[in-house]
2 protein chains.
Amino acid sequence: VSSPLPSPPGQLFIAEIREQPAALLRLLEHTAEFESVGRTLAARAPSAVRLIGHGTSDNAAVYAVYAFGLLCGWTALRDSISLTVYYDAPLDFSTSAVVALSQSGATPDVVEYVHRARRRGALTIGVTNEPDSELAGAAEIVLPLAAGPERAVAATKTYVNQLAAIALLAGAASDRGRELADQLRRTAAALEGVIDSLEPAVSAATVPFSYVGRMFVIGRGLEFATAREIALKLTETCQVAAEPLTATAFSHGPVAALDPLFPVWTIASRDESLPAVIDAAAKVRDAGGILVASGSAAEGIAADYAFPVPDAPAPVLAPLLSVVPGQLFSGALARAKGLDPDRPHRLSKVTRAA
Amino acid sequence: VSSPLPSPPGQLFIAEIREQPAALLRLLEHTAEFESVGRTLAARAPSAVRLIGHGTSDNAAVYAVYAFGLLCGWTALRDSISLTVYYDAPLDFSTSAVVALSQSGATPDVVEYVHRARRRGALTIGVTNEPDSELAGAAEIVLPLAAGPERAVAATKTYVNQLAAIALLAGAASDRGRELADQLRRTAAALEGVIDSLEPAVSAATVPFSYVGRMFVIGRGLEFATAREIALKLTETCQVAAEPLTATAFSHGPVAALDPLFPVWTIASRDESLPAVIDAAAKVRDAGGILVASGSAAEGIAADYAFPVPDAPAPVLAPLLSVVPGQLFSGALARAKGLDPDRPHRLSKVTRAA
């Protein structure tokens, strides 16, 4: 039922954050489809899995580089759209698989890329929330995102479902589809708990950030996807210029820009890349900067604000939980600043820009 | 001869910007080596060229994705170091080539990555300014950067020589080494002219930027490398939080953060990706933001500040010229803010961070 009045600011955004456990369970109803496509993909033994997407979908693509590497031992890359669509470079796609990510399925250059890659012999898989979209028409294989209609302009539940879809596909391709589906089901339950327990704490912490204009968001490895997605939420919903950086890139230059009024958000998860994040956090403290930490190891790095989440049922699924504090924080900070995270300035749901 | 007194602020940085044409010519003295290695690389017909580097070297890696794609038709990617070095993912390197970029040759995780990739069967090529470095010891093949000693902490001449080394290697691998060397020689002459003509204009434009804390730097395609490198210079030498974005990523979220006090620098070069940059520039103007443009098409986009450079002798070499306005601007803005671009806060020449 549509209302004649616009919803209150941020109501759609927070409702979709809260809907994430249910959206994830909806995706898992399609596990058999993912298992079938995973077998097709494995039979192809691609020399490269080329990920394509913009914005939030590109952040999910960062995750996919790690998921395909860790679960399948495959080389995956966020491919350059412009090399194929604008420059028409003579790349060989014959041994490649393409995984194109678009919530709407309507992003023009993603659709055009898939057309070209398919003509050149790639196995093309589109993952979209819209089974009747142009992307679904262009790709040889379509997998559902099954997140349900996304009404807030800033994406949340479609991001978590994109991560889950990628993990499920990579798991299925390595003959572990059922195992991943079980772990994802337990992740949905953990998500429920994280949202309920963190929402009040995160909201209370936003007030001192009302006049912050810039931040860095630091992650490494799997959690670099989380750093990118939290930075994008802060930028688009709160008008904070939040730049995502790997812990190592941070130390190679941007550390020089810090001052005590420059907050840094770190994603601290218990995994092999944690020492690099701990090292970056120490540099932030040396510079006198305000330090925020989220993730399963958030309480171990002496941050000014820690938003811990539980360990995921498998290390490769940690990013599905560690993004939530950033989603909640962005919604709360936007409201504290009088902005509407459902309808950010100058953005619409489908970006038609080339 | 070392001096007992430190040099005046920014003197090393500007001297190395001015040295770039000479440094580029020094590299070209090694054309025969690049041709030989290019033949070895072509004989291997790699399924993927994996680029490795941090900071400025990672920006050169962005360029390499386009240079190998356009000149050789090969798939090149900026590989994840953490996937191999920290997570020990079971990737197949047997049909890959690795091009590792490090000015100092001493970046620990780059060296460790090269050791592992070589053990797993990759053809490993190190490109470094230091022929006796650990990187040179780890890689099967070493190519010189030949930029001469770099004394300023913020890199300039090594970046331009990295771009040239990549173009020369990709050209040699496609049997066009001589052609690229000739074009690079003409680029050195054009560089000389750009530096001489732009230095006064760029310096005069920096004063209104003295209180700017954040910027976006936008490029697409080949010039995304330029956007990243200019953003890094502004961040590390001027303490401006400058975030590089592709023109399309900008439209997928960050555009919402703009306001009239948020300047945006665009790289506008005459090539196939220019329409996306023009579209982004129009969005900046709509938001009332201050617009800076550099590149061969800088005068065509109605920017508040335009720093045009001539067309390069070949489109693939445009980034060697279009980065120069950003280098000069960073040096001048740092001085205007009382900062020392030779010795930015918290940075040293070799970053030991993992």
# chains A, B, ... in the order shown; residues from 1 in each chain; ligands from 1
call {"tool": "select_by_dssp", "arguments": {"residues": "range 17-175 of chain B", "states": "alpha helix (DSSP H)", "output": "PyMOL selection string"}}
result
chain B and resi 17-18+20-28+31-44+56-72+81-85+108-119+134-138+157-173
call {"tool": "select_by_dssp", "arguments": {"residues": "range 51-189 of chain B", "states": "strand (DSSP E or B)", "output": "PDB file with C-alpha atoms, in the first residue's frame"}}
result
ATOM      1  CA  LEU B  51      50.814  -6.195 -10.790  1.00  0.00           C
ATOM      2  CA  ILE B  52      52.085  -5.676  -7.274  1.00  0.00           C
ATOM      3  CA  ALA B  76      46.340  -7.578 -16.171  1.00  0.00           C
ATOM      4  CA  LEU B  77      45.232  -7.114 -12.592  1.00  0.00           C
ATOM      5  CA  ARG B  78      46.382  -5.401  -9.433  1.00  0.00           C
ATOM      6  CA  SER B  96      50.910 -15.948 -14.748  1.00  0.00           C
ATOM      7  CA  ALA B  97      53.528 -13.259 -15.013  1.00  0.00           C
ATOM      8  CA  VAL B  98      54.179 -10.976 -12.050  1.00  0.00           C
ATOM      9  CA  VAL B  99      55.365  -7.404 -12.441  1.00  0.00           C
ATOM     10  CA  ALA B 100      56.372  -6.096  -9.006  1.00  0.00           C
ATOM     11  CA  LEU B 101      56.895  -2.355  -8.662  1.00  0.00           C
ATOM     12  CA  SER B 102      58.919  -0.851  -5.827  1.00  0.00           C
ATOM     13  CA  LEU B 123      57.463 -15.542 -14.329  1.00  0.00           C
ATOM     14  CA  THR B 124      58.521 -12.791 -11.915  1.00  0.00           C
ATOM     15  CA  ILE B 125      59.765  -9.392 -13.055  1.00  0.00           C
ATOM     16  CA  GLY B 126      60.869  -6.739 -10.569  1.00  0.00           C
ATOM     17  CA  VAL B 127      61.012  -3.106 -11.644  1.00  0.00           C
ATOM     18  CA  THR B 128      63.044  -1.075  -9.167  1.00  0.00           C
ATOM     19  CA  ILE B 141      64.118 -10.844 -14.001  1.00  0.00           C
ATOM     20  CA  VAL B 142      65.009  -7.306 -12.914  1.00  0.00           C
ATOM     21  CA  LEU B 143      64.345  -4.185 -14.928  1.00  0.00           C
ATOM     22  CA  PRO B 144      65.834  -0.832 -13.954  1.00  0.00           C
TER      23      PRO B 144
END
call {"tool": "interface_residues", "arguments": {"of": "chain B", "to": "chain A", "cutoff": "7 Å", "atoms": "only C-alpha atoms", "output": "MDAnalysis selection string"}}
result
chainID B and resid 54:55 66 69:70 73:75 77 82:83 86:87 89:91 214 221 232 235:236 239:241 243 248:249 251:257 272:273 276 344:347 351 353:354
call {"tool": "atom_distance", "arguments": {"atom1": "CA of Ala146 in chain A", "atom2": "CA of Pro8 in chain A"}}
result
25.8 Å
call {"tool": "closest_residue", "arguments": {"among": "A:Glu130, A:Glu19, A:Asp175, A:Glu192", "to": "Thr40 in chain A", "atoms": "only C-alpha atoms"}}
result
A:Asp175
call {"tool": "closest_residue", "arguments": {"among": "A:Leu168, A:Val324, A:Leu191, A:Leu135", "to": "Glu29 in chain A", "atoms": "only C-alpha atoms"}}
result
A:Leu168
call {"tool": "residues_around", "arguments": {"residues": "range 178-181 of chain B", "least_positions_apart": "3", "cutoff": "12 Å", "atoms": "only C-alpha atoms", "output": "MDAnalysis selection string"}}
result
chainID B and resid 24:36 38 67 71 163:175 184:188 312:317
call {"tool": "residues_around", "arguments": {"residues": "Ala205 in chain B", "least_positions_apart": "2", "cutoff": "9 Å", "atoms": "only C-alpha atoms", "output": "list in words"}}
result
Pro200, Ala201, Val202, Ser203, Val207, Pro208, Phe209, Tyr305, Phe329, Ala332 and Leu333 of chain B
call {"tool": "atom_distance", "arguments": {"atom1": "CA of Ile17 in chain A", "atom2": "CA of Arg50 in chain A"}}
result
28.6 Å
call {"tool": "atom_distance", "arguments": {"atom1": "CA of Pro308 in chain B", "atom2": "CA of Ser296 in chain B"}}
result
5.4 Å
call {"tool": "closest_residue", "arguments": {"among": "A:Pro9, A:Pro21, A:Pro319, A:Pro263", "to": "Asp342 in chain A", "atoms": "only C-alpha atoms"}}
result
A:Pro9
call {"tool": "residues_around", "arguments": {"residues": "Tyr159 in chain A", "least_positions_apart": "4", "cutoff": "9 Å", "atoms": "only C-alpha atoms", "output": "PyMOL selection string"}}
result
chain A and resi 56-57+59-60+103+155+163-164+229+320
call {"tool": "decode", "arguments": {"residues": "range 9-25 of chain B", "atoms": "all heavy atoms", "output": "PDB file, in the first residue's frame"}}
result
ATOM      1  N   PRO B   9      62.140  23.894   2.562  1.00  0.00           N
ATOM      2  CA  PRO B   9      60.959  23.068   2.325  1.00  0.00           C
ATOM      3  C   PRO B   9      60.585  22.965   0.846  1.00  0.00           C
ATOM      4  O   PRO B   9      60.493  23.970   0.156  1.00  0.00           O
ATOM      5  CB  PRO B   9      59.852  23.788   3.106  1.00  0.00           C
ATOM      6  CG  PRO B   9      60.553  24.550   4.157  1.00  0.00           C
ATOM      7  CD  PRO B   9      61.892  24.922   3.573  1.00  0.00           C
ATOM      8  N   GLY B  10      60.400  21.755   0.385  1.00  0.00           N
ATOM      9  CA  GLY B  10      59.900  21.542  -0.960  1.00  0.00           C
ATOM     10  C   GLY B  10      60.937  21.624  -2.052  1.00  0.00           C
ATOM     11  O   GLY B  10      60.622  21.419  -3.219  1.00  0.00           O
ATOM     12  N   GLN B  11      62.187  21.906  -1.692  1.00  0.00           N
ATOM     13  CA  GLN B  11      63.197  22.070  -2.728  1.00  0.00           C
ATOM     14  C   GLN B  11      63.502  20.751  -3.436  1.00  0.00           C
ATOM     15  O   GLN B  11      63.664  20.706  -4.654  1.00  0.00           O
ATOM     16  CB  GLN B  11      64.475  22.638  -2.107  1.00  0.00           C
ATOM     17  CG  GLN B  11      65.575  22.911  -3.129  1.00  0.00           C
ATOM     18  CD  GLN B  11      66.804  23.504  -2.467  1.00  0.00           C
ATOM     19  OE1 GLN B  11      66.807  24.668  -2.073  1.00  0.00           O
ATOM     20  NE2 GLN B  11      67.853  22.703  -2.306  1.00  0.00           N
ATOM     21  N   LEU B  12      63.561  19.664  -2.661  1.00  0.00           N
ATOM     22  CA  LEU B  12      63.831  18.366  -3.280  1.00  0.00           C
ATOM     23  C   LEU B  12      62.668  17.956  -4.186  1.00  0.00           C
ATOM     24  O   LEU B  12      62.865  17.450  -5.288  1.00  0.00           O
ATOM     25  CB  LEU B  12      64.027  17.289  -2.208  1.00  0.00           C
ATOM     26  CG  LEU B  12      65.142  17.522  -1.185  1.00  0.00           C
ATOM     27  CD1 LEU B  12      65.118  16.412  -0.128  1.00  0.00           C
ATOM     28  CD2 LEU B  12      66.496  17.575  -1.883  1.00  0.00           C
ATOM     29  N   PHE B  13      61.457  18.187  -3.674  1.00  0.00           N
ATOM     30  CA  PHE B  13      60.251  17.767  -4.401  1.00  0.00           C
ATOM     31  C   PHE B  13      60.176  18.461  -5.763  1.00  0.00           C
ATOM     32  O   PHE B  13      60.017  17.808  -6.797  1.00  0.00           O
ATOM     33  CB  PHE B  13      59.034  18.095  -3.527  1.00  0.00           C
ATOM     34  CG  PHE B  13      57.717  17.586  -4.029  1.00  0.00           C
ATOM     35  CD1 PHE B  13      57.405  16.236  -3.966  1.00  0.00           C
ATOM     36  CD2 PHE B  13      56.759  18.456  -4.532  1.00  0.00           C
ATOM     37  CE1 PHE B  13      56.169  15.761  -4.401  1.00  0.00           C
ATOM     38  CE2 PHE B  13      55.523  17.987  -4.967  1.00  0.00           C
ATOM     39  CZ  PHE B  13      55.232  16.641  -4.903  1.00  0.00           C
ATOM     40  N   ILE B  14      60.335  19.776  -5.769  1.00  0.00           N
ATOM     41  CA  ILE B  14      60.220  20.499  -7.040  1.00  0.00           C
ATOM     42  C   ILE B  14      61.395  20.164  -7.960  1.00  0.00           C
ATOM     43  O   ILE B  14      61.234  20.044  -9.181  1.00  0.00           O
ATOM     44  CB  ILE B  14      60.055  22.030  -6.823  1.00  0.00           C
ATOM     45  CG1 ILE B  14      59.743  22.742  -8.146  1.00  0.00           C
ATOM     46  CG2 ILE B  14      61.248  22.658  -6.170  1.00  0.00           C
ATOM     47  CD1 ILE B  14      58.396  22.408  -8.729  1.00  0.00           C
ATOM     48  N   ALA B  15      62.572  19.962  -7.381  1.00  0.00           N
ATOM     49  CA  ALA B  15      63.731  19.609  -8.219  1.00  0.00           C
ATOM     50  C   ALA B  15      63.489  18.274  -8.918  1.00  0.00           C
ATOM     51  O   ALA B  15      63.873  18.091 -10.086  1.00  0.00           O
ATOM     52  CB  ALA B  15      64.995  19.543  -7.353  1.00  0.00           C
ATOM     53  N   GLU B  16      62.847  17.347  -8.217  1.00  0.00           N
ATOM     54  CA  GLU B  16      62.602  16.040  -8.842  1.00  0.00           C
ATOM     55  C   GLU B  16      61.470  16.091  -9.872  1.00  0.00           C
ATOM     56  O   GLU B  16      61.493  15.349 -10.852  1.00  0.00           O
ATOM     57  CB  GLU B  16      62.367  14.978  -7.761  1.00  0.00           C
ATOM     58  CG  GLU B  16      63.677  14.690  -7.037  1.00  0.00           C
ATOM     59  CD  GLU B  16      63.578  13.749  -5.842  1.00  0.00           C
ATOM     60  OE1 GLU B  16      62.444  13.335  -5.492  1.00  0.00           O
ATOM     61  OE2 GLU B  16      64.628  13.427  -5.254  1.00  0.00           O
ATOM     62  N   ILE B  17      60.505  16.987  -9.671  1.00  0.00           N
ATOM     63  CA  ILE B  17      59.488  17.192 -10.721  1.00  0.00           C
ATOM     64  C   ILE B  17      60.175  17.715 -11.988  1.00  0.00           C
ATOM     65  O   ILE B  17      59.948  17.219 -13.092  1.00  0.00           O
ATOM     66  CB  ILE B  17      58.402  18.184 -10.247  1.00  0.00           C
ATOM     67  CG1 ILE B  17      57.575  17.570  -9.105  1.00  0.00           C
ATOM     68  CG2 ILE B  17      57.488  18.597 -11.411  1.00  0.00           C
ATOM     69  CD1 ILE B  17      56.611  18.553  -8.431  1.00  0.00           C
ATOM     70  N   ARG B  18      61.075  18.685 -11.790  1.00  0.00           N
ATOM     71  CA  ARG B  18      61.761  19.281 -12.947  1.00  0.00           C
ATOM     72  C   ARG B  18      62.711  18.290 -13.614  1.00  0.00           C
ATOM     73  O   ARG B  18      63.034  18.419 -14.795  1.00  0.00           O
ATOM     74  CB  ARG B  18      62.540  20.524 -12.518  1.00  0.00           C
ATOM     75  CG  ARG B  18      61.646  21.686 -12.094  1.00  0.00           C
ATOM     76  CD  ARG B  18      62.472  22.958 -11.895  1.00  0.00           C
ATOM     77  NE  ARG B  18      61.677  24.010 -11.300  1.00  0.00           N
ATOM     78  CZ  ARG B  18      62.008  24.666 -10.171  1.00  0.00           C
ATOM     79  NH1 ARG B  18      63.140  24.382  -9.521  1.00  0.00           N
ATOM     80  NH2 ARG B  18      61.227  25.615  -9.703  1.00  0.00           N
ATOM     81  N   GLU B  19      63.167  17.319 -12.841  1.00  0.00           N
ATOM     82  CA  GLU B  19      64.130  16.342 -13.374  1.00  0.00           C
ATOM     83  C   GLU B  19      63.453  15.271 -14.232  1.00  0.00           C
ATOM     84  O   GLU B  19      64.128  14.440 -14.856  1.00  0.00           O
ATOM     85  CB  GLU B  19      64.855  15.694 -12.183  1.00  0.00           C
ATOM     86  CG  GLU B  19      66.083  14.881 -12.550  1.00  0.00           C
ATOM     87  CD  GLU B  19      66.529  13.976 -11.388  1.00  0.00           C
ATOM     88  OE1 GLU B  19      66.228  14.313 -10.217  1.00  0.00           O
ATOM     89  OE2 GLU B  19      67.160  12.941 -11.665  1.00  0.00           O
ATOM     90  N   GLN B  20      62.115  15.247 -14.255  1.00  0.00           N
ATOM     91  CA  GLN B  20      61.412  14.115 -14.882  1.00  0.00           C
ATOM     92  C   GLN B  20      61.767  13.875 -16.356  1.00  0.00           C
ATOM     93  O   GLN B  20      61.958  12.727 -16.759  1.00  0.00           O
ATOM     94  CB  GLN B  20      59.889  14.263 -14.688  1.00  0.00           C
ATOM     95  CG  GLN B  20      59.514  14.040 -13.241  1.00  0.00           C
ATOM     96  CD  GLN B  20      58.033  14.181 -12.928  1.00  0.00           C
ATOM     97  OE1 GLN B  20      57.411  13.253 -12.464  1.00  0.00           O
ATOM     98  NE2 GLN B  20      57.474  15.344 -13.185  1.00  0.00           N
ATOM     99  N   PRO B  21      61.906  14.940 -17.175  1.00  0.00           N
ATOM    100  CA  PRO B  21      62.276  14.642 -18.567  1.00  0.00           C
ATOM    101  C   PRO B  21      63.642  13.947 -18.655  1.00  0.00           C
ATOM    102  O   PRO B  21      63.803  12.981 -19.413  1.00  0.00           O
ATOM    103  CB  PRO B  21      62.307  16.027 -19.224  1.00  0.00           C
ATOM    104  CG  PRO B  21      61.418  16.884 -18.357  1.00  0.00           C
ATOM    105  CD  PRO B  21      61.609  16.366 -16.960  1.00  0.00           C
ATOM    106  N   ALA B  22      64.591  14.391 -17.857  1.00  0.00           N
ATOM    107  CA  ALA B  22      65.923  13.766 -17.882  1.00  0.00           C
ATOM    108  C   ALA B  22      65.862  12.334 -17.360  1.00  0.00           C
ATOM    109  O   ALA B  22      66.525  11.434 -17.888  1.00  0.00           O
ATOM    110  CB  ALA B  22      66.905  14.602 -17.050  1.00  0.00           C
ATOM    111  N   ALA B  23      65.051  12.120 -16.316  1.00  0.00           N
ATOM    112  CA  ALA B  23      64.925  10.772 -15.763  1.00  0.00           C
ATOM    113  C   ALA B  23      64.318   9.829 -16.797  1.00  0.00           C
ATOM    114  O   ALA B  23      64.743   8.676 -16.939  1.00  0.00           O
ATOM    115  CB  ALA B  23      64.066  10.803 -14.495  1.00  0.00           C
ATOM    116  N   LEU B  24      63.339  10.331 -17.534  1.00  0.00           N
ATOM    117  CA  LEU B  24      62.698   9.500 -18.559  1.00  0.00           C
ATOM    118  C   LEU B  24      63.702   9.123 -19.652  1.00  0.00           C
ATOM    119  O   LEU B  24      63.748   7.961 -20.097  1.00  0.00           O
ATOM    120  CB  LEU B  24      61.487  10.263 -19.130  1.00  0.00           C
ATOM    121  CG  LEU B  24      60.683   9.636 -20.256  1.00  0.00           C
ATOM    122  CD1 LEU B  24      60.321   8.185 -19.969  1.00  0.00           C
ATOM    123  CD2 LEU B  24      59.411  10.452 -20.499  1.00  0.00           C
ATOM    124  N   LEU B  25      64.547  10.083 -20.037  1.00  0.00           N
ATOM    125  CA  LEU B  25      65.559   9.774 -21.056  1.00  0.00           C
ATOM    126  C   LEU B  25      66.570   8.752 -20.543  1.00  0.00           C
ATOM    127  O   LEU B  25      67.048   7.903 -21.299  1.00  0.00           O
ATOM    128  CB  LEU B  25      66.257  11.059 -21.520  1.00  0.00           C
ATOM    129  CG  LEU B  25      65.353  12.030 -22.296  1.00  0.00           C
ATOM    130  CD1 LEU B  25      66.095  13.334 -22.605  1.00  0.00           C
ATOM    131  CD2 LEU B  25      64.833  11.393 -23.594  1.00  0.00           C
TER     132      LEU B  25
END
